[in-house]
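Source file run.csv; content: CSV, C-alpha atoms and all ligand atoms.
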chain,number,residue,atom,x,y,z
A,26,MET,CA,0.0,0.0,0.0
A,27,VAL,CA,1.3,3.5,-0.9
A,28,LEU,CA,1.2,6.0,1.9
A,29,SER,CA,-0.1,9.4,0.7
A,30,MET,CA,0.0,12.7,2.6
A,31,LYS,CA,-1.6,14.7,-0.2
A,32,ASN,CA,-3.4,17.8,1.1
A,33,LYS,CA,-5.5,18.6,-1.8
A,34,THR,CA,-9.1,18.8,-0.8
A,35,VAL,CA,-11.4,16.3,-2.5
A,36,MET,CA,-15.2,16.2,-3.0
A,37,THR,CA,-17.1,13.0,-2.3
A,38,PHE,CA,-20.8,12.6,-3.5
A,39,PHE,CA,-23.4,10.5,-1.7
A,40,ARG,CA,-27.1,9.9,-2.2
A,41,VAL,CA,-29.6,8.9,0.5
A,42,GLY,CA,-33.3,8.2,0.4
A,43,GLU,CA,-35.6,7.6,-2.5
A,44,GLY,CA,-38.0,9.8,-4.5
A,45,GLU,CA,-38.5,12.3,-7.2
A,46,CYS,CA,-37.4,15.4,-5.2
A,47,ARG,CA,-33.9,16.3,-4.3
A,48,LEU,CA,-32.3,18.5,-1.7
A,49,ARG,CA,-28.5,18.9,-2.2
A,50,LEU,CA,-26.3,19.7,0.7
A,51,THR,CA,-22.5,20.3,0.7
A,52,VAL,CA,-20.8,19.7,4.0
A,53,ALA,CA,-17.8,21.8,5.1
A,54,SER,CA,-16.7,20.4,8.4
A,55,ASP,CA,-13.8,21.0,10.8
A,56,LEU,CA,-12.0,23.8,8.9
A,57,HIS,CA,-10.4,24.9,12.2
A,58,ASN,CA,-9.5,28.3,10.9
A,59,SER,CA,-7.3,26.8,8.1
A,60,PRO,CA,-6.8,28.0,4.5
A,61,TYR,CA,-9.9,27.5,2.4
A,62,GLU,CA,-9.1,28.9,-1.1
A,63,ASP,CA,-9.1,25.5,-2.8
A,64,ILE,CA,-12.5,24.6,-1.2
A,65,LEU,CA,-14.6,27.3,-2.7
A,66,PRO,CA,-14.4,26.2,-6.4
A,67,LEU,CA,-15.4,22.7,-5.4
A,68,ILE,CA,-18.5,24.0,-3.6
A,69,ARG,CA,-19.3,26.2,-6.6
A,70,GLU,CA,-19.0,23.2,-8.9
A,71,ALA,CA,-21.4,21.1,-6.7
A,72,CYS,CA,-24.2,23.7,-6.9
A,73,PRO,CA,-25.7,22.8,-3.5
A,74,ASP,CA,-29.1,24.1,-2.3
A,75,ALA,CA,-27.4,24.8,1.1
A,76,ILE,CA,-23.9,24.5,2.7
A,77,VAL,CA,-23.8,23.0,6.2
A,78,VAL,CA,-20.9,23.3,8.6
A,79,PRO,CA,-21.4,20.7,11.4
A,80,GLY,CA,-18.9,22.3,13.8
A,81,ASP,CA,-15.3,23.2,14.4
A,82,LEU,CA,-15.3,26.0,11.8
A,83,CYS,CA,-13.4,28.1,14.3
A,84,GLY,CA,-11.7,27.8,17.7
A,85,ALA,CA,-13.1,28.9,21.0
A,86,LEU,CA,-15.9,31.5,20.6
A,87,CYS,CA,-16.1,32.7,24.2
A,88,GLU,CA,-15.1,36.3,24.9
A,89,ALA,CA,-11.3,36.5,25.0
A,90,SER,CA,-11.5,38.6,28.1
A,91,GLU,CA,-13.6,36.1,30.0
A,92,PRO,CA,-12.6,32.6,29.1
A,93,GLY,CA,-14.8,29.8,30.5
A,94,GLY,CA,-13.5,27.4,33.1
A,95,GLU,CA,-12.9,24.7,30.4
A,96,VAL,CA,-11.1,26.9,27.9
A,97,THR,CA,-7.5,25.7,27.6
A,98,SER,CA,-4.5,27.6,26.2
A,99,ARG,CA,-5.0,25.7,22.9
A,100,TYR,CA,-8.5,26.9,22.5
A,101,ILE,CA,-7.5,30.5,23.3
A,102,GLU,CA,-4.8,30.3,20.6
A,103,GLU,CA,-7.3,29.0,18.1
A,104,SER,CA,-9.8,31.7,19.0
A,105,ARG,CA,-7.2,34.3,17.9
A,106,LYS,CA,-7.5,33.0,14.3
A,107,ASN,CA,-11.3,33.0,14.1
A,108,ASP,CA,-11.2,35.6,11.3
A,109,VAL,CA,-10.3,32.8,8.9
A,110,GLY,CA,-13.3,30.7,9.8
A,111,PHE,CA,-15.7,33.6,9.6
A,112,ALA,CA,-14.2,34.8,6.3
A,113,PHE,CA,-14.8,31.3,4.9
A,114,ILE,CA,-18.5,31.3,5.7
A,115,ALA,CA,-18.8,34.8,4.3
A,116,GLU,CA,-17.4,33.6,1.0
A,117,ALA,CA,-19.5,30.4,1.1
A,118,ALA,CA,-22.7,32.4,1.7
A,119,LYS,CA,-22.2,34.0,-1.7
A,120,ILE,CA,-22.6,30.5,-3.2
A,121,ALA,CA,-25.6,29.1,-1.2
A,122,PRO,CA,-27.2,29.6,2.3
A,123,VAL,CA,-24.9,28.5,5.1
A,124,TYR,CA,-26.0,26.8,8.3
A,125,CYS,CA,-23.5,26.1,11.1
A,126,SER,CA,-23.6,24.1,14.4
A,127,VAL,CA,-21.3,24.2,17.4
A,128,GLY,CA,-18.3,21.8,17.6
A,129,ASN,CA,-16.2,20.9,20.6
A,130,HIS,CA,-13.5,23.5,19.8
A,131,GLU,CA,-16.1,26.3,19.7
A,132,VAL,CA,-17.0,26.3,23.4
A,133,SER,CA,-19.2,29.0,24.9
A,134,VAL,CA,-20.4,31.1,21.9
A,135,SER,CA,-20.5,34.7,23.1
A,136,PRO,CA,-23.0,37.2,21.9
A,137,SER,CA,-20.4,39.1,19.9
A,138,ASN,CA,-19.3,35.9,18.2
A,139,ARG,CA,-22.9,34.9,17.6
A,140,ALA,CA,-23.3,38.2,15.8
A,141,ARG,CA,-20.3,37.4,13.5
A,142,TYR,CA,-22.2,34.4,12.0
A,143,THR,CA,-25.0,36.8,11.1
A,144,GLN,CA,-22.6,39.4,9.7
A,145,ALA,CA,-21.0,36.7,7.6
A,146,GLY,CA,-24.5,35.9,6.2
A,147,ALA,CA,-24.7,32.5,7.9
A,148,VAL,CA,-27.2,31.0,10.4
A,149,LEU,CA,-25.9,29.5,13.7
A,150,LEU,CA,-28.0,26.5,14.9
A,151,ASP,CA,-27.1,26.3,18.6
A,152,ASN,CA,-29.5,23.7,19.8
A,153,SER,CA,-32.1,25.2,17.5
A,154,TYR,CA,-33.6,24.6,14.1
A,155,VAL,CA,-34.9,26.3,10.9
A,156,ARG,CA,-37.1,25.2,8.0
A,157,LEU,CA,-35.1,24.3,4.9
A,158,GLY,CA,-37.3,23.6,2.0
A,159,ASP,CA,-39.4,20.5,2.9
A,160,PHE,CA,-37.1,19.7,5.8
A,161,LEU,CA,-36.4,20.9,9.3
A,162,LEU,CA,-32.7,21.5,9.8
A,163,GLY,CA,-31.4,21.3,13.4
A,164,GLY,CA,-28.0,22.0,15.0
A,165,LEU,CA,-27.2,19.9,18.0
A,166,THR,CA,-24.5,21.7,20.1
A,167,THR,CA,-21.6,19.6,21.3
A,168,GLY,CA,-21.5,18.4,24.9
A,169,GLY,CA,-17.8,18.9,24.8
A,170,ALA,CA,-14.8,16.6,24.5
A,171,HIS,CA,-11.8,17.5,26.5
A,172,GLY,CA,-8.8,15.3,26.2
A,173,LEU,CA,-8.2,12.9,23.3
A,174,TRP,CA,-9.0,9.7,25.0
A,175,HIS,CA,-12.0,10.9,27.0
A,176,LYS,CA,-15.4,9.9,25.8
A,177,SER,CA,-17.3,12.9,24.6
A,178,ASN,CA,-19.9,14.3,27.0
A,179,ALA,CA,-23.6,13.9,26.2
A,180,PRO,CA,-25.3,16.8,24.3
A,181,ASP,CA,-28.5,18.5,25.5
A,182,LEU,CA,-30.7,15.4,25.2
A,183,ALA,CA,-33.9,17.3,26.2
A,184,TRP,CA,-33.4,19.6,23.2
A,185,LEU,CA,-32.6,16.6,21.0
A,186,GLU,CA,-35.8,14.8,22.0
A,187,SER,CA,-37.9,17.9,21.5
A,188,PHE,CA,-36.4,18.3,18.0
A,189,ALA,CA,-37.0,14.7,17.1
A,190,ARG,CA,-40.7,15.0,18.2
A,191,LEU,CA,-41.5,17.8,15.7
A,192,ASP,CA,-43.7,17.0,12.8
A,193,GLY,CA,-41.8,16.7,9.5
A,194,ARG,CA,-38.6,15.3,7.9
A,195,LYS,CA,-35.6,16.2,9.9
A,196,ILE,CA,-31.9,16.7,9.2
A,197,LEU,CA,-29.6,17.2,12.1
A,198,LEU,CA,-26.1,18.7,12.2
A,199,SER,CA,-24.3,16.8,15.0
A,200,HIS,CA,-20.6,17.6,15.2
A,201,HIS,CA,-19.9,14.2,16.9
A,202,PRO,CA,-20.6,11.1,14.8
A,203,GLU,CA,-20.5,8.9,17.9
A,204,TYR,CA,-23.7,10.6,19.1
A,205,TRP,CA,-25.6,8.9,16.3
A,206,GLU,CA,-25.3,5.4,17.8
A,207,ARG,CA,-25.4,6.7,21.4
A,208,HIS,CA,-28.3,9.1,21.2
A,209,ILE,CA,-29.9,9.5,17.8
A,210,ILE,CA,-30.7,6.0,16.4
A,211,GLY,CA,-34.4,5.2,17.1
A,212,MET,CA,-35.4,8.9,17.0
A,213,ASP,CA,-37.4,10.3,14.1
A,214,ILE,CA,-34.4,12.0,12.5
A,215,PHE,CA,-33.8,11.0,8.8
A,216,LEU,CA,-30.3,12.2,8.3
A,217,THR,CA,-27.5,13.2,10.7
A,218,VAL,CA,-24.5,15.1,9.3
A,219,SER,CA,-21.2,14.9,11.3
A,220,GLY,CA,-17.5,15.6,11.2
A,221,HIS,CA,-15.1,15.7,14.2
A,222,ALA,CA,-13.3,12.4,13.6
A,223,HIS,CA,-11.1,13.8,10.8
A,224,GLY,CA,-11.3,10.5,9.0
A,225,GLY,CA,-9.5,8.8,11.8
A,226,GLN,CA,-6.3,10.8,10.8
A,227,TRP,CA,-4.5,7.8,9.3
A,228,ARG,CA,-6.5,5.6,7.0
A,229,ALA,CA,-5.9,2.1,5.8
A,230,PHE,CA,-8.3,-0.5,4.3
A,231,GLY,CA,-11.2,1.9,4.4
A,232,ARG,CA,-10.9,2.6,8.1
A,233,GLY,CA,-9.4,5.3,10.3
A,234,LEU,CA,-6.9,4.7,13.1
A,235,PHE,CA,-8.2,6.9,15.9
A,236,ALA,CA,-10.9,9.4,16.6
A,237,PRO,CA,-11.5,11.4,19.8
A,238,GLY,CA,-14.5,10.1,21.7
A,239,GLN,CA,-14.3,6.7,19.9
A,240,GLY,CA,-10.7,5.6,20.5
A,241,LEU,CA,-8.7,3.2,18.3
A,242,PHE,CA,-10.2,1.8,15.1
A,243,PRO,CA,-13.3,4.0,15.4
A,244,ARG,CA,-16.5,2.9,13.6
A,245,TYR,CA,-17.7,6.3,12.5
A,246,THR,CA,-15.0,8.4,10.6
A,247,SER,CA,-16.3,8.8,7.0
A,248,GLY,CA,-18.9,7.9,4.5
A,249,VAL,CA,-22.6,7.1,4.8
A,250,HIS,CA,-24.0,4.7,7.4
A,251,ARG,CA,-27.5,3.4,7.5
A,252,ARG,CA,-29.7,1.9,10.2
A,253,GLY,CA,-33.2,1.2,9.1
A,254,GLU,CA,-34.5,4.4,7.6
A,255,GLN,CA,-31.9,6.6,9.4
A,256,TYR,CA,-28.7,7.8,7.8
A,257,LEU,CA,-25.5,9.2,9.1
A,258,ALA,CA,-23.1,11.1,6.7
A,259,ILE,CA,-19.6,12.0,7.9
A,260,SER,CA,-17.1,14.3,6.4
A,261,ARG,CA,-13.4,13.6,7.0
A,262,GLY,CA,-13.0,17.4,7.6
A,263,LEU,CA,-11.1,20.2,5.9
A,264,ARG,CA,-8.1,21.0,8.2
A,265,LYS,CA,-4.9,20.5,6.3
A,266,GLU,CA,-2.1,21.2,8.8
A,267,THR,CA,-2.3,19.2,12.0
A,268,GLU,CA,0.1,18.2,14.7
A,269,VAL,CA,-0.2,14.6,13.5
A,270,PRO,CA,-0.1,14.4,9.6
A,271,ARG,CA,-3.1,13.0,7.7
A,272,ILE,CA,-2.1,9.8,5.9
A,273,ASN,CA,-4.2,8.3,3.1
A,274,ASN,CA,-6.7,10.9,4.2
A,275,PRO,CA,-7.0,14.1,2.1
A,276,PRO,CA,-9.2,16.8,3.5
A,277,GLU,CA,-12.8,16.3,2.3
A,278,LEU,CA,-16.0,18.1,1.4
A,279,ILE,CA,-19.0,15.9,0.9
A,280,THR,CA,-22.1,16.6,-1.1
A,281,ILE,CA,-25.3,14.6,-0.2
A,282,ASP,CA,-28.3,14.3,-2.5
A,283,ILE,CA,-31.3,13.7,-0.3
A,284,MET,CA,-34.0,12.1,-2.4
A,285,TYR,CA,-37.7,12.2,-1.2
A,286,ASN,CA,-41.3,12.5,-2.3
A,301,FE,FE,-14.3,18.3,16.8
Show me this structure written as structure tokens.
Ligand SMILES: [Fe+2]
Amino acid sequence: MVLSMKNKTVMTFFRVGEGECRLRLTVASDLHNSPYEDILPLIREACPDAIVVPGDLCGALCEASEPGGEVTSRYIEESRKNDVGFAFIAEAAKIAPVYCSVGNHEVSVSPSNRARYTQAGAVLLDNSYVRLGDFLLGGLTTGGAHGLWHKSNAPDLAWLESFARLDGRKILLSHHPEYWERHIIGMDIFLTVSGHAHGGQWRAFGRGLFAPGQGLFPRYTSGVHRRGEQYLAISRGLRKETEVPRINNPPELITIDIMYN
């Protein structure tokens, strides 16, 4: 097997559901304030109805002057680069409507940072939802994941249950793919869209090596998973430069055609 550390972003297409109607979403996950110039032409080419960002667009989003108790020096450093993340969604919003949810790096969204999503022309779904065509689109905020080996904390399950009980077809942005098996399967949520696992960082034989919150040889790092009539779509994420290099795992946008009647 050839080991590849190519950093050129790729686009992967998926199709879920059946029917005559189509909603096309492009997923831009886990940018982590990194360069995005090669990403925009791929999104333009895909012509999505909407662009969804299921978390970790930025670093910490608390006020720099009043960091929360769980904000580490790493998150504070990342928060200083948030202009890059917001510039990306401002550019993406010129292509299609942009909807974002909150990832584990984006702890404690302050009012001023909340306003920056709006100024960029995007919608922040922070345990909230909007109508998107014939669907309800929700954003499940991370419960946090501090430390690589720790299991991620549970999200706001009361909000999740109330979203699932709404009438209508539902799509959920959930930064953590491991939430699907732990909390979402069995609920009335058609499609869950995730990132966070970064494809498992090193990939071989179609599997990733490690993902925070899932440990070694994680189950949910990329692709589309199905359980009954429920689907989970996972992006391998867009961050190019990381402390541990990506191997056989180029940064990835995904585009999902949701088919329905
Ligand atoms: Fe994450």
(Q) Can you tell me which residues surround Arg99 in chain A at a distance of at most 10 Å, considering all atoms listed in the file, apart from same-chain residues fewer than 6 positions away, and format the answer as a list in words? (A) Gly84, Ala85 and His130 of chain A
Q: Could you check which of A:Glu206, A:Glu131, A:Asp74, A:Glu186 is closest to ligand FE 301 (chain A), using all atoms listed in the file?
A: A:Glu131
Q: Step by step, measure atom-to-atom distances between ligand FE 301 (chain A) and each residue using all atoms listed in the file, keep those at most 8 Å, then write them as JSON, numbers by chain.
A: {"A": [55, 80, 81, 128, 129, 130, 170, 200, 201, 220, 221, 222]}
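In this comparison, which uses only C-alpha atoms, the residue of A:Ile279, A:Leu185, A:Ala71, A:Leu65 approaching Ile210 in chain A most closely is A:Leu185.
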Q | Nearest to Arg69 in chain A by atom-to-atom distance, counting all atoms listed in the file, from A:Ala121, A:Val155, A:Leu149, A:Met212 | A | A:Ala121
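Every polymer residue reaching to within 8 Å of (-0.9, 10.0, 8.6), counting only C-alpha atoms, appears in this list: Ser29, Met30, Gln226, Trp227, Arg228, Val269, Pro270, Arg271, Ile272, Asn273 and Asn274 of chain A.
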Q: Work out how far CA of Leu150 in chain A is from CA of Leu67 in chain A, in Å to one decimal.
A: 24.2 Å
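For the atom pair formed by CA of Pro202 in chain A and CA of Arg264 in chain A, the distance is 17.3 Å, given to one decimal.
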Q.
My list of candidates is A:Gln255, A:Thr167, A:Thr34, A:Ser187. Which is closest to Pro66 in chain A when distances are computed with all atoms listed in the file?
A. A:Thr34
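Each of A:Arg40, A:Arg232, A:Arg49, A:Lys119 was compared to Cys72 in chain A using all atoms listed in the file, and A:Arg49 turns out to be the nearest.
Between CA of Thr217 in chain A and CA of Gly168 in chain A there is a distance of 16.3 Å.
Proximity to Ile64 in chain A was assessed for A:Cys125, A:Met284, A:Leu263, A:Ile209 counting all atoms listed in the file; the smallest distance is recorded for A:Leu263.
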Q: Excluding Pro122 in chain A and any residue of its chain fewer than 3 positions from it, enumerate the residues within 8 Å of it, using all atoms listed in the file, and give them as a list of chain:residue names.
A: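 Listed by chain and then number, they are A:Asp74, A:Ala75, A:Ile76, A:Ala117, A:Ala118, A:Lys119, A:Gly146, A:Ala147.
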Q. Which polymer residues have any atom within 7 Å of an atom of Ser126 in chain A, counting all atoms listed in the file, with same-chain residues fewer than 5 positions away left out, as a ChimeraX atom specification?
A. /A:78-80,149-151,164-166,198
Q) Near Leu257 in chain A, counting all atoms listed in the file, which residues have an atom at most 8 Å away, once you skip same-chain residues fewer than 6 positions from it, shown as a VMD selection string? A) chain A and resid 202 205 216 to 219 249 to 251
Expected file: the selected residues, C-alpha atoms, as a short mmCIF file (atom, residue, chain, number, x, y, z; two decimals), keeping the file's coordinate frame:
data_model
loop_
_atom_site.label_atom_id
_atom_site.label_comp_id
_atom_site.auth_asym_id
_atom_site.auth_seq_id
_atom_site.Cartn_x
_atom_site.Cartn_y
_atom_site.Cartn_z
CA PRO A 202 -20.60 11.10 14.80
CA TRP A 205 -25.60 8.90 16.30
CA LEU A 216 -30.30 12.20 8.30
CA THR A 217 -27.50 13.20 10.70
CA VAL A 218 -24.50 15.10 9.30
CA SER A 219 -21.20 14.90 11.30
CA VAL A 249 -22.60 7.10 4.80
CA HIS A 250 -24.00 4.70 7.40
CA ARG A 251 -27.50 3.40 7.50
#
Q. If we count only C-alpha atoms, what is near Asn138 in chain A at a cut-off of 12 Å, once residues fewer than 2 positions away on the same chain are taken out, given as a PyMOL selection string?
A. chain A and resi 83-89+104+107-108+110-111+127+131-136+140-145+149
